[in-house]
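Undergrad: Contents of input.cif (mmCIF, C-alpha atoms) are given next:
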data_work
loop_
_atom_site.label_atom_id
_atom_site.label_comp_id
_atom_site.auth_asym_id
_atom_site.auth_seq_id
_atom_site.Cartn_x
_atom_site.Cartn_y
_atom_site.Cartn_z
CA MET A 468 34.31 293.96 76.11
CA LYS A 469 30.71 293.44 75.10
CA ARG A 470 31.40 289.74 75.50
CA MET A 471 32.33 290.11 79.18
CA PRO A 472 28.80 289.39 80.48
CA LEU A 473 28.78 286.20 78.39
CA LEU A 474 32.20 285.26 79.72
CA LEU A 475 31.19 285.92 83.33
CA THR A 476 27.99 283.96 82.89
CA CYS A 477 29.96 281.04 81.51
CA LEU A 478 32.46 281.19 84.37
CA LEU A 479 29.67 281.32 86.95
CA GLY A 480 27.97 278.40 85.25
CA PHE A 481 31.18 276.41 85.28
CA SER A 482 31.77 277.24 88.96
CA ALA A 483 28.33 275.90 89.78
CA MET A 484 29.07 272.79 87.73
CA PHE A 485 32.33 272.36 89.65
CA THR A 486 30.48 271.69 92.88
CA ALA A 487 27.47 269.99 91.32
CA CYS A 488 29.69 267.67 89.29
CA THR A 489 31.25 265.90 92.26
CA LYS A 490 29.76 262.67 93.56
CA ASP A 491 30.44 262.50 97.28
CA PRO A 492 30.94 258.80 98.13
CA LEU A 493 29.40 259.21 101.59
CA ASN A 494 26.17 260.55 100.09
CA HIS A 495 25.83 257.49 97.89
CA LEU A 496 25.88 254.79 100.56
CA SER A 497 22.88 253.05 102.07
CA ALA A 498 22.99 252.22 105.78
CA GLU A 499 23.87 248.62 104.92
CA GLU A 500 26.65 249.73 102.59
CA SER A 501 28.06 252.05 105.24
CA ARG A 502 28.76 249.14 107.58
CA ILE A 503 32.04 247.29 107.72
CA TYR A 504 32.72 243.92 109.36
CA ILE A 505 36.25 243.26 110.56
CA THR A 506 37.50 239.95 111.89
CA SER A 507 40.92 239.02 113.19
CA PHE A 508 42.19 235.81 114.75
CA ASP A 509 45.13 234.21 116.49
CA SER A 510 46.83 232.11 113.83
CA SER A 511 48.15 229.71 116.48
CA ALA A 512 44.63 228.82 117.64
CA ASN A 513 43.10 225.57 116.43
CA PHE A 514 39.43 226.47 116.38
CA SER A 515 38.30 222.94 115.68
CA SER A 516 39.81 221.79 118.98
CA TYR A 517 37.26 223.71 121.04
CA LYS A 518 33.90 222.14 121.81
CA THR A 519 32.10 224.33 124.30
CA TYR A 520 31.61 228.01 124.92
CA SER A 521 29.88 230.36 127.29
CA ILE A 522 28.71 233.90 126.64
CA ALA A 523 28.27 236.79 129.04
CA ASP A 524 24.58 237.47 129.68
CA SER A 525 24.89 241.22 129.17
CA VAL A 526 26.93 243.61 127.10
CA ALA A 527 29.77 245.76 128.37
CA VAL A 528 29.16 249.39 127.41
CA ILE A 529 32.49 251.15 127.15
CA ASP A 530 31.83 254.86 126.79
CA ASN A 531 34.99 256.94 126.59
CA GLY A 532 36.79 254.71 129.04
CA HIS A 533 33.91 254.14 131.48
CA ALA A 534 32.40 250.65 131.47
CA THR A 535 28.95 249.53 132.57
CA LYS A 536 26.88 246.43 131.87
CA GLU A 537 23.60 246.62 129.97
CA ARG A 538 21.21 244.38 128.10
CA THR A 539 19.03 246.38 125.74
CA GLU A 540 16.89 244.86 123.04
CA SER A 541 19.71 245.19 120.52
CA ASP A 542 22.25 243.81 123.01
CA GLN A 543 20.07 240.74 123.47
CA ALA A 544 19.74 240.45 119.69
CA TYR A 545 23.54 240.32 119.37
CA ILE A 546 23.81 237.71 122.15
CA ASP A 547 21.12 235.61 120.44
CA ALA A 548 22.81 235.93 117.06
CA VAL A 549 26.20 234.87 118.41
CA ASN A 550 24.59 231.84 120.07
CA LYS A 551 22.82 230.97 116.82
CA TYR A 552 25.93 231.07 114.63
CA MET A 553 28.23 229.43 117.19
CA GLN A 554 25.84 226.51 117.46
CA GLU A 555 25.52 226.32 113.68
CA ARG A 556 29.29 225.83 113.64
CA GLY A 557 29.05 222.93 116.07
CA TYR A 558 29.96 224.63 119.35
CA ILE A 559 27.93 223.80 122.45
CA LEU A 560 26.68 226.47 124.82
CA VAL A 561 27.39 225.62 128.46
CA ASN A 562 27.10 227.43 131.76
CA LYS A 563 30.17 229.41 132.67
CA ASN A 564 30.66 227.13 135.70
CA SER A 565 30.87 224.07 133.41
CA ASN A 566 34.43 224.71 132.21
CA PRO A 567 33.68 226.17 128.77
CA ALA A 568 36.56 226.09 126.30
CA ILE A 569 35.74 229.51 124.90
CA ALA A 570 34.49 232.64 126.67
CA ILE A 571 32.62 235.23 124.61
CA ASN A 572 32.21 238.87 125.57
CA ILE A 573 30.17 241.35 123.59
CA ASN A 574 30.94 245.05 123.93
CA ARG A 575 29.35 248.27 122.82
CA VAL A 576 32.10 250.86 122.46
CA TYR A 577 31.63 254.61 122.11
CA HIS A 578 34.36 257.07 121.39
CA THR A 579 33.69 260.78 121.37
CA SER A 580 36.14 263.19 119.78
CA THR A 581 35.99 266.95 119.99
CA GLY A 582 37.21 269.33 117.31
CA LEU A 583 37.53 273.07 116.83
CA ILE A 584 36.36 275.22 113.95
CA ASP A 585 38.36 278.41 113.43
CA TYR A 586 36.09 281.36 112.63
CA THR A 587 38.92 283.89 112.46
CA ASP A 588 38.42 286.24 109.51
CA TYR A 589 36.31 283.71 107.65
CA TRP A 590 34.92 286.59 105.59
CA ASP A 591 38.30 286.96 103.91
CA TYR A 592 37.21 284.05 101.77
CA TYR A 593 34.18 285.99 100.56
CA GLY A 594 34.96 289.02 98.45
CA GLY A 595 31.43 290.36 98.76
CA TYR A 596 31.34 290.47 102.55
CA TRP A 597 30.17 293.81 104.00
CA ASP A 598 33.08 296.19 104.38
CA PRO A 599 33.30 297.91 107.82
CA GLY A 600 32.84 301.15 105.87
CA TYR A 601 29.25 300.15 105.30
CA TRP A 602 28.70 300.61 109.06
CA GLY A 603 30.48 303.94 109.14
CA TYR A 604 34.00 302.71 109.92
CA PRO A 605 35.88 302.90 106.61
CA GLY A 606 39.38 301.45 106.76
CA ASP A 607 38.73 299.57 109.99
CA VAL A 608 38.53 295.82 110.43
CA TYR A 609 36.14 293.52 112.21
CA TYR A 610 37.21 291.96 115.50
CA VAL A 611 35.94 288.62 116.80
CA PRO A 612 36.58 288.10 120.53
CA TYR A 613 35.71 284.41 120.31
CA VAL A 614 37.12 282.73 117.25
CA TYR A 615 36.49 279.05 117.71
CA GLY A 616 33.44 276.89 117.61
CA THR A 617 33.48 273.31 118.81
CA TYR A 618 31.91 270.15 117.51
CA GLN A 619 31.71 266.64 118.87
CA VAL A 620 31.56 263.38 116.99
CA THR A 621 30.63 260.15 118.72
CA GLU A 622 31.44 256.93 116.94
CA GLY A 623 30.22 253.57 118.12
CA LEU A 624 31.10 250.00 117.34
CA MET A 625 30.12 246.50 118.41
CA SER A 626 32.94 244.21 119.39
CA ILE A 627 32.71 240.46 119.95
CA ASP A 628 35.67 238.82 121.67
CA MET A 629 36.46 235.12 122.00
CA PHE A 630 38.92 234.07 124.69
CA ASP A 631 40.73 230.79 125.10
CA LEU A 632 39.76 229.33 128.48
CA LYS A 633 40.75 225.79 127.52
CA ASN A 634 44.46 226.61 127.35
CA ALA A 635 44.59 229.37 129.95
CA ALA A 636 46.43 227.25 132.49
CA ALA A 637 48.91 226.07 129.88
CA HIS A 638 49.57 229.71 129.00
CA GLY A 639 50.48 230.62 132.57
CA ASN A 640 46.91 231.55 133.54
CA LYS A 641 46.67 234.00 130.67
CA ILE A 642 43.37 234.07 128.83
CA ASN A 643 44.33 234.73 125.23
CA LEU A 644 42.11 236.53 122.77
CA ILE A 645 41.73 234.12 119.84
CA TRP A 646 39.10 235.88 117.73
CA ASN A 647 37.60 239.34 117.48
CA GLY A 648 34.77 240.65 115.36
CA LEU A 649 33.99 244.34 114.92
CA VAL A 650 30.93 245.94 113.40
CA ARG A 651 31.07 249.63 112.52
CA GLY A 652 28.80 251.94 110.57
CA GLU A 653 25.21 253.14 110.50
CA GLY A 654 22.44 251.33 112.36
CA ILE A 655 24.66 248.87 114.19
CA PHE A 656 22.84 249.38 117.52
CA ASP A 657 19.52 248.49 115.95
CA SER A 658 18.28 245.01 116.93
CA ALA A 659 17.10 244.48 113.34
CA THR A 660 20.68 244.53 112.07
CA ALA A 661 22.24 242.34 114.78
CA ASP A 662 21.65 238.97 113.11
CA SER A 663 22.92 240.00 109.68
CA SER A 664 25.96 241.68 111.24
CA VAL A 665 26.96 238.62 113.24
CA GLN A 666 26.24 236.42 110.24
CA ALA A 667 28.66 238.54 108.17
CA LEU A 668 31.36 238.11 110.81
CA PHE A 669 30.93 234.33 110.83
CA ASN A 670 30.72 234.11 107.04
CA GLN A 671 34.16 235.61 106.72
CA SER A 672 35.53 233.34 109.48
CA GLN A 673 35.04 229.88 108.02
CA TYR A 674 37.78 228.53 110.32
CA LEU A 675 35.35 228.96 113.24
CA ARG A 676 34.09 225.40 113.27
CA ALA A 677 34.12 222.68 115.91
CA ASN A 678 34.99 219.08 115.09
CA GLU A 679 31.70 217.21 115.13
CA MET B 956 32.00 293.60 32.74
CA LYS B 957 35.64 292.56 33.09
CA LYS B 958 36.14 295.55 35.36
CA THR B 959 33.22 294.47 37.56
CA ILE B 960 34.53 290.91 37.88
CA GLY B 961 37.97 292.24 38.76
CA LEU B 962 36.55 294.51 41.43
CA PHE B 963 34.45 291.69 42.86
CA SER B 964 37.51 289.41 42.99
CA ILE B 965 39.47 292.06 44.86
CA ILE B 966 36.66 292.41 47.41
CA ILE B 967 36.49 288.62 47.94
CA ILE B 968 40.27 288.26 48.27
CA SER B 969 40.45 291.25 50.59
CA SER B 970 37.75 289.89 52.87
CA ALA B 971 39.57 286.57 53.03
CA LEU B 972 42.80 288.32 53.88
CA LEU B 973 41.03 290.41 56.50
CA HIS B 974 39.78 287.17 57.98
CA VAL B 975 43.34 285.80 57.98
CA ASN B 976 44.55 288.89 59.80
CA ALA B 977 41.69 288.61 62.29
CA GLN B 978 42.94 285.13 63.37
CA LYS B 979 46.38 286.38 64.11
CA GLY B 980 46.76 288.10 67.46
CA GLU B 981 43.29 287.06 68.54
CA TRP B 982 42.53 285.62 72.00
CA LYS B 983 39.93 282.85 71.95
CA LEU B 984 38.11 281.19 74.78
CA ASN B 985 36.92 277.63 74.36
CA LEU B 986 34.54 276.12 76.95
CA ASN B 987 33.66 272.43 76.86
CA TYR B 988 31.60 269.75 78.47
CA ASN B 989 33.78 266.67 79.05
CA TYR B 990 33.03 262.95 79.11
CA SER B 991 35.95 260.84 80.20
CA LEU B 992 36.86 257.15 79.86
CA PRO B 993 39.47 255.76 82.27
CA LEU B 994 42.14 253.66 80.54
CA GLY B 995 44.77 251.07 81.46
CA SER B 996 45.60 250.61 85.12
CA PHE B 997 43.32 253.49 86.10
CA LYS B 998 40.41 251.56 84.61
CA ASN B 999 41.57 248.12 85.80
CA ASP B 1000 42.66 248.98 89.34
CA ILE B 1001 40.82 252.08 90.52
CA ILE B 1002 37.73 253.20 88.60
CA SER B 1003 36.28 251.51 85.55
CA ASN B 1004 33.17 253.69 85.27
CA ASN B 1005 33.20 256.39 82.61
CA SER B 1006 32.73 259.89 83.95
CA PRO B 1007 30.04 262.18 82.51
CA ARG B 1008 30.93 264.86 85.08
CA GLY B 1009 33.55 267.18 83.67
CA PHE B 1010 34.28 270.42 81.93
CA SER B 1011 37.29 272.16 80.51
CA GLY B 1012 38.34 275.37 78.87
CA ASP B 1013 41.27 276.87 77.10
CA PHE B 1014 42.36 280.41 76.53
CA MET B 1015 44.38 280.53 73.30
CA TYR B 1016 46.33 283.23 71.52
CA GLY B 1017 46.59 283.08 67.73
CA ILE B 1018 50.30 283.14 66.89
CA ASN B 1019 49.52 282.87 63.18
CA ASP B 1020 46.87 281.31 60.95
CA ARG B 1021 47.76 277.78 61.92
CA PHE B 1022 49.25 277.89 65.38
CA SER B 1023 47.85 279.10 68.66
CA ALA B 1024 49.13 278.74 72.21
CA GLY B 1025 47.67 279.29 75.63
CA LEU B 1026 46.44 277.82 78.87
CA TYR B 1027 44.12 274.89 79.47
CA GLY B 1028 42.20 274.07 82.65
CA GLY B 1029 39.67 271.42 83.46
CA TYR B 1030 37.82 269.40 86.02
CA GLN B 1031 36.72 265.77 85.94
CA ASP B 1032 35.05 263.73 88.64
CA PHE B 1033 35.49 259.94 88.63
CA TYR B 1034 33.54 257.76 91.03
CA GLN B 1035 32.88 254.09 91.54
CA LYS B 1036 31.24 252.07 94.25
CA TYR B 1037 32.13 248.38 94.27
CA SER B 1038 29.74 245.82 95.69
CA ARG B 1039 30.57 244.32 99.07
CA ASP B 1040 33.69 242.20 99.11
CA LEU B 1041 36.38 240.92 101.48
CA TYR B 1042 39.68 242.80 101.82
CA GLN B 1043 42.79 241.61 103.62
CA THR B 1044 43.47 244.55 105.94
CA GLY B 1045 46.08 242.92 108.20
CA ASN B 1046 48.12 239.76 108.68
CA HIS B 1047 45.19 237.87 110.14
CA GLU B 1048 42.54 240.48 109.61
CA VAL B 1049 39.79 240.54 107.00
CA THR B 1050 37.33 243.38 106.38
CA SER B 1051 34.03 243.04 104.58
CA ALA B 1052 33.09 246.37 103.02
CA VAL B 1053 31.65 248.29 100.13
CA LEU B 1054 34.65 250.02 98.57
CA SER B 1055 34.17 253.51 97.11
CA ASN B 1056 36.83 255.25 95.05
CA SER B 1057 36.44 258.90 94.12
CA ILE B 1058 38.94 260.93 92.11
CA GLN B 1059 38.82 264.52 90.96
CA THR B 1060 41.44 265.73 88.49
CA MET B 1061 42.06 269.40 87.82
CA PRO B 1062 44.68 269.82 85.08
CA ILE B 1063 46.40 273.15 84.41
CA LEU B 1064 48.38 272.90 81.18
CA ALA B 1065 50.34 274.96 78.70
CA LYS B 1066 48.74 274.09 75.38
CA GLY B 1067 49.49 274.46 71.69
CA LYS B 1068 47.03 273.98 68.87
CA PHE B 1069 47.66 273.40 65.15
CA MET B 1070 44.98 273.93 62.51
CA PRO B 1071 46.27 272.55 59.18
CA LEU B 1072 43.69 274.42 57.08
CA GLY B 1073 44.81 277.74 58.50
CA ALA B 1074 42.61 280.59 57.37
CA ARG B 1075 40.67 278.73 54.73
CA HIS B 1076 36.94 279.19 55.13
CA ALA B 1077 36.19 275.53 55.60
CA PRO B 1078 32.89 274.72 57.30
CA VAL B 1079 34.85 272.30 59.48
CA GLN B 1080 38.33 273.14 60.72
CA PRO B 1081 40.29 270.15 62.03
CA TYR B 1082 42.94 270.67 64.66
CA LEU B 1083 45.63 268.83 66.60
CA SER B 1084 46.73 269.87 70.07
CA VAL B 1085 49.35 269.07 72.68
CA GLY B 1086 49.66 270.19 76.27
CA ALA B 1087 51.77 269.64 79.36
CA GLY B 1088 51.58 270.77 82.96
CA ILE B 1089 50.29 269.46 86.25
CA SER B 1090 47.04 268.12 87.61
CA ILE B 1091 45.76 268.55 91.11
CA ILE B 1092 44.38 265.16 92.14
CA ASN B 1093 41.95 264.51 94.98
CA PHE B 1094 41.83 260.82 95.80
CA SER B 1095 39.23 259.54 98.28
CA GLN B 1096 38.90 255.92 99.25
CA TYR B 1097 36.31 254.56 101.65
CA LEU B 1098 35.62 251.15 103.13
CA GLY B 1099 31.97 251.60 104.01
CA GLU B 1100 31.79 255.08 105.51
CA PHE B 1101 35.37 254.97 106.79
CA GLY B 1102 38.21 256.47 104.84
CA GLY B 1103 39.67 259.76 103.80
CA THR B 1104 40.97 262.03 101.09
CA SER B 1105 44.46 262.95 99.99
CA THR B 1106 45.48 265.69 97.57
CA ASN B 1107 48.51 265.49 95.29
CA ALA B 1108 49.88 267.06 92.13
CA GLY B 1109 51.02 264.97 89.16
CA PHE B 1110 52.72 265.67 85.85
CA THR B 1111 50.19 265.71 83.04
CA ALA B 1112 50.62 265.42 79.28
CA GLN B 1113 47.81 265.74 76.79
CA GLY B 1114 47.44 265.05 73.09
CA GLY B 1115 44.23 265.79 71.26
CA ALA B 1116 42.45 266.13 67.96
CA GLY B 1117 39.10 267.48 66.90
CA VAL B 1118 37.20 269.88 64.73
CA MET B 1119 36.01 273.45 65.05
CA ILE B 1120 32.80 274.33 63.27
CA PRO B 1121 32.28 278.08 62.79
CA PHE B 1122 28.73 279.39 63.18
CA GLY B 1123 29.07 281.09 59.80
CA ARG B 1124 31.53 281.38 56.94
CA TYR B 1125 33.25 284.37 58.45
CA SER B 1126 32.40 283.78 62.07
CA LEU B 1127 35.18 283.58 64.62
CA SER B 1128 32.84 281.76 67.03
CA GLY B 1129 31.58 278.24 66.71
CA LEU B 1130 31.27 274.75 68.07
CA SER B 1131 34.20 272.54 68.95
CA LEU B 1132 34.23 268.76 69.15
CA GLY B 1133 37.21 266.61 69.97
CA ALA B 1134 39.03 264.01 71.99
CA ASP B 1135 42.09 264.20 74.23
CA TYR B 1136 44.31 261.51 75.65
CA ASN B 1137 45.43 262.55 79.13
CA TYR B 1138 48.40 261.00 80.91
CA ILE B 1139 48.32 261.97 84.60
CA ALA B 1140 51.17 260.65 86.75
CA PHE B 1141 49.92 259.32 90.07
CA ASN B 1142 52.58 257.39 91.97
CA ARG B 1143 50.66 256.65 95.12
CA TYR B 1144 49.26 253.57 96.85
CA GLY B 1145 50.87 251.28 94.26
CA TYR B 1146 49.23 253.02 91.31
CA ASN B 1147 51.19 254.84 88.59
CA ASN B 1148 48.90 256.87 86.38
CA LEU B 1149 45.34 258.03 85.78
CA GLY B 1150 45.37 257.78 81.99
CA ASN B 1151 42.06 258.63 80.39
CA LEU B 1152 40.43 259.54 77.12
CA GLY B 1153 38.36 262.70 77.25
CA LEU B 1154 35.62 263.46 74.73
CA HIS B 1155 34.48 267.05 74.67
CA ALA B 1156 31.97 269.34 73.02
CA GLY B 1157 31.64 273.05 73.51
CA VAL B 1158 31.79 276.52 72.11
CA TYR B 1159 34.59 278.92 71.26
CA PHE B 1160 34.51 282.64 70.76
CA PRO B 1161 36.98 285.48 70.48
CA LEU B 1162 37.65 287.82 73.40
CA ARG B 1163 37.69 291.46 72.37
#
Here is the file; what I need is its structure written in the form of structure tokens.

TA:
Amino acid sequence: MKRMPLLLTCLLGFSAMFTACTKDPLNHLSAEESRIYITSFDSSANFSSYKTYSIADSVAVIDNGHATKERTESDQAYIDAVNKYMQERGYILVNKNSNPAIAININRVYHTSTGLIDYTDYWDYYGGYWDPGYWGYPGDVYYVPYVYGTYQVTEGLMSIDMFDLKNAAAHGNKINLIWNGLVRGEGIFDSATADSSVQALFNQSQYLRANE
Amino acid sequence: MKKTIGLFSIIIISSALLHVNAQKGEWKLNLNYNYSLPLGSFKNDIISNNSPRGFSGDFMYGINDRFSAGLYGGYQDFYQKYSRDLYQTGNHEVTSAVLSNSIQTMPILAKGKFMPLGARHAPVQPYLSVGAGISIINFSQYLGEFGGTSTNAGFTAQGGAGVMIPFGRYSLSGLSLGADYNYIAFNRYGYNNLGNLGLHAGVYFPLR
């Protein structure tokens, strides 16, 4: 029994190691590493057959289903970056009244989710919590009239959509989405990250190239 | 003189026998720091980094001088962050991301240990061990900051060898050094096992 303090000390030490020994992946990411770039495309689209494009002059802000139009500094940086990389790939920017082959919309999307935290009897998890007897009510239990706390998480993303105007009439006046790029993660609404984000989307979409 | 030598021999033999009897029926606790090396498909497909973040312990009962049996528990944290790459995430969808894999294994095993030298007062006591049971496995995978964690249990088998170094000739406490091969079944996401080699160093002492 004289070894019990040693044993308890060891167990406590190992319990502390248990939590300290875990590397949480989310705590080991830089802002750049947290970002993901997703592209998808219509496999039936022939991207080299398009010559011209037009881009909306502001960004649609879709916040939990409500849409407005804005042009902040970072929005403008995204518009500029899309123009830069489209033109590098041989596409020609034209006015939207000049029959562009491709229409480009840029969107800022926010989604807020709400969750509940259950506080019911949370002290049951802690053996050392004050017993009601300490307050003069031995044998009684605590009562919590409100047992839930709420939290909200808002996630945002940048979305770039390319629509096929050239073949809209042939498709029964349907404007098909032919390419989409998404940027998610930390710092995506910062104008300093816009160029590199759009560059990443184009780098992984080598099929986006006009015949020159 | 002959009588003195005889008496001295009896004392020596008796103390050795007492030591033999002390091994039998004794509970011992062994606590270790663990360093683990992923092997096979675990190393090739999930995490190739060695893990310096682990510990283990066993609680063994001396059946006789050579054999002991008991329970083994442990914890090991494996983590790897891969540099940014492209992943096919749909038919015509590609995602550029930094991939992070994180795995925590917590084995709980029934374990047997064999010490071929038995009660001999060797300064180094080699041992062989085997164990079987289950491991609780936390598997987290993230593309950038997006992903999640799943928890499963998998059959686990362990084979090990090492040495126990008593603090003194008659001490029942000492240092332990060894290595274990751990097979952990993990039939998820196209993977099949988390085989690894664990190196450990620690202390053991009797519980009285």

Undergrad: Report as a PyMOL selection string the residues that result from applying the PyMOL selection byres ((chain A) within 7 of (chain B)) to the structure here.

TA: chain A and resi 468+470+488-490+492-493+500-508+652

Undergrad: Enter the distance from CA of Ala1065 in chain B to CA of Gly1025 in chain B, in Å, rounded to one decimal.

TA: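 Value for the CA of Ala1065 in chain B-CA of Gly1025 in chain B distance: 5.9 Å.
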
Undergrad: For Gly1153 in chain B, please output as a list in words all residues within 9 Å (counting only C-alpha atoms; exclusion window: fewer than 3 positions along the same chain).

TA: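 Counting only the stated atoms, we get Asn989, Tyr990, Ser991, Leu992, Pro993, Gly1115, Gly1133, Ala1134, Asp1135, Tyr1136 and Asn1137 of chain B.
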
Undergrad: One decimal, Å: what's the distance from CA of Gln619 in chain A over to CA of Gly654 in chain A, could you say?

TA: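 CA of Gly654 in chain A lies 19.0 Å from CA of Gln619 in chain A.
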
Undergrad: Give as a PyMOL selection string the set of residues within 10 Å of the point (29.5, 256.6, 115.8), where distances use the file's coordinates and all atoms listed in the file.

TA: chain A and resi 576-579+620-624+651-656

Undergrad: Looking at only C-alpha atoms, which of B:Ser1131, B:Phe1069, B:Tyr1037, B:Gly1017 is the one that sits closest to His495 in chain A?

TA: B:Tyr1037

Undergrad: Pick the closest to Val549 in chain A from A:Ile645, A:Ala637, A:Ala512, A:Ile627: which is it, counting all atoms listed in the file?

TA: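 Ranking A:Ile645, A:Ala637, A:Ala512, A:Ile627 by distance to Val549 in chain A, first place goes to A:Ile627.
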
Undergrad: If the PyMOL selection byres ((chain A and resi 527) around 12) were run on this exact file, what residues would it hold? Put them as a PyMOL selection string.

TA: chain A and resi 523-526+528-530+532-539+542-543+546+571-577+624-628

Undergrad: Could you save the residues just selected, with C-alpha atoms, as a PDB file, in the coordinates of the input?

TA:
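Below is the file that was written, out-v8.pdb:
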ATOM      1  CA  ALA A 523      28.270 236.790 129.040  1.00  0.00           C
ATOM      2  CA  ASP A 524      24.580 237.470 129.680  1.00  0.00           C
ATOM      3  CA  SER A 525      24.890 241.220 129.170  1.00  0.00           C
ATOM      4  CA  VAL A 526      26.930 243.610 127.100  1.00  0.00           C
ATOM      5  CA  VAL A 528      29.160 249.390 127.410  1.00  0.00           C
ATOM      6  CA  ILE A 529      32.490 251.150 127.150  1.00  0.00           C
ATOM      7  CA  ASP A 530      31.830 254.860 126.790  1.00  0.00           C
ATOM      8  CA  GLY A 532      36.790 254.710 129.040  1.00  0.00           C
ATOM      9  CA  HIS A 533      33.910 254.140 131.480  1.00  0.00           C
ATOM     10  CA  ALA A 534      32.400 250.650 131.470  1.00  0.00           C
ATOM     11  CA  THR A 535      28.950 249.530 132.570  1.00  0.00           C
ATOM     12  CA  LYS A 536      26.880 246.430 131.870  1.00  0.00           C
ATOM     13  CA  GLU A 537      23.600 246.620 129.970  1.00  0.00           C
ATOM     14  CA  ARG A 538      21.210 244.380 128.100  1.00  0.00           C
ATOM     15  CA  THR A 539      19.030 246.380 125.740  1.00  0.00           C
ATOM     16  CA  ASP A 542      22.250 243.810 123.010  1.00  0.00           C
ATOM     17  CA  GLN A 543      20.070 240.740 123.470  1.00  0.00           C
ATOM     18  CA  ILE A 546      23.810 237.710 122.150  1.00  0.00           C
ATOM     19  CA  ILE A 571      32.620 235.230 124.610  1.00  0.00           C
ATOM     20  CA  ASN A 572      32.210 238.870 125.570  1.00  0.00           C
ATOM     21  CA  ILE A 573      30.170 241.350 123.590  1.00  0.00           C
ATOM     22  CA  ASN A 574      30.940 245.050 123.930  1.00  0.00           C
ATOM     23  CA  ARG A 575      29.350 248.270 122.820  1.00  0.00           C
ATOM     24  CA  VAL A 576      32.100 250.860 122.460  1.00  0.00           C
ATOM     25  CA  TYR A 577      31.630 254.610 122.110  1.00  0.00           C
ATOM     26  CA  LEU A 624      31.100 250.000 117.340  1.00  0.00           C
ATOM     27  CA  MET A 625      30.120 246.500 118.410  1.00  0.00           C
ATOM     28  CA  SER A 626      32.940 244.210 119.390  1.00  0.00           C
ATOM     29  CA  ILE A 627      32.710 240.460 119.950  1.00  0.00           C
ATOM     30  CA  ASP A 628      35.670 238.820 121.670  1.00  0.00           C
TER      31      ASP A 628
END

Undergrad: Kindly indicate which residue among B:Pro1062, B:Gly1157, B:Gly1150, B:Gly1073 lies nearest to Gly1086 in chain B, using only C-alpha atoms for the distances.

TA: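 Checking each candidate against Gly1086 in chain B, we get B:Pro1062 as the closest.
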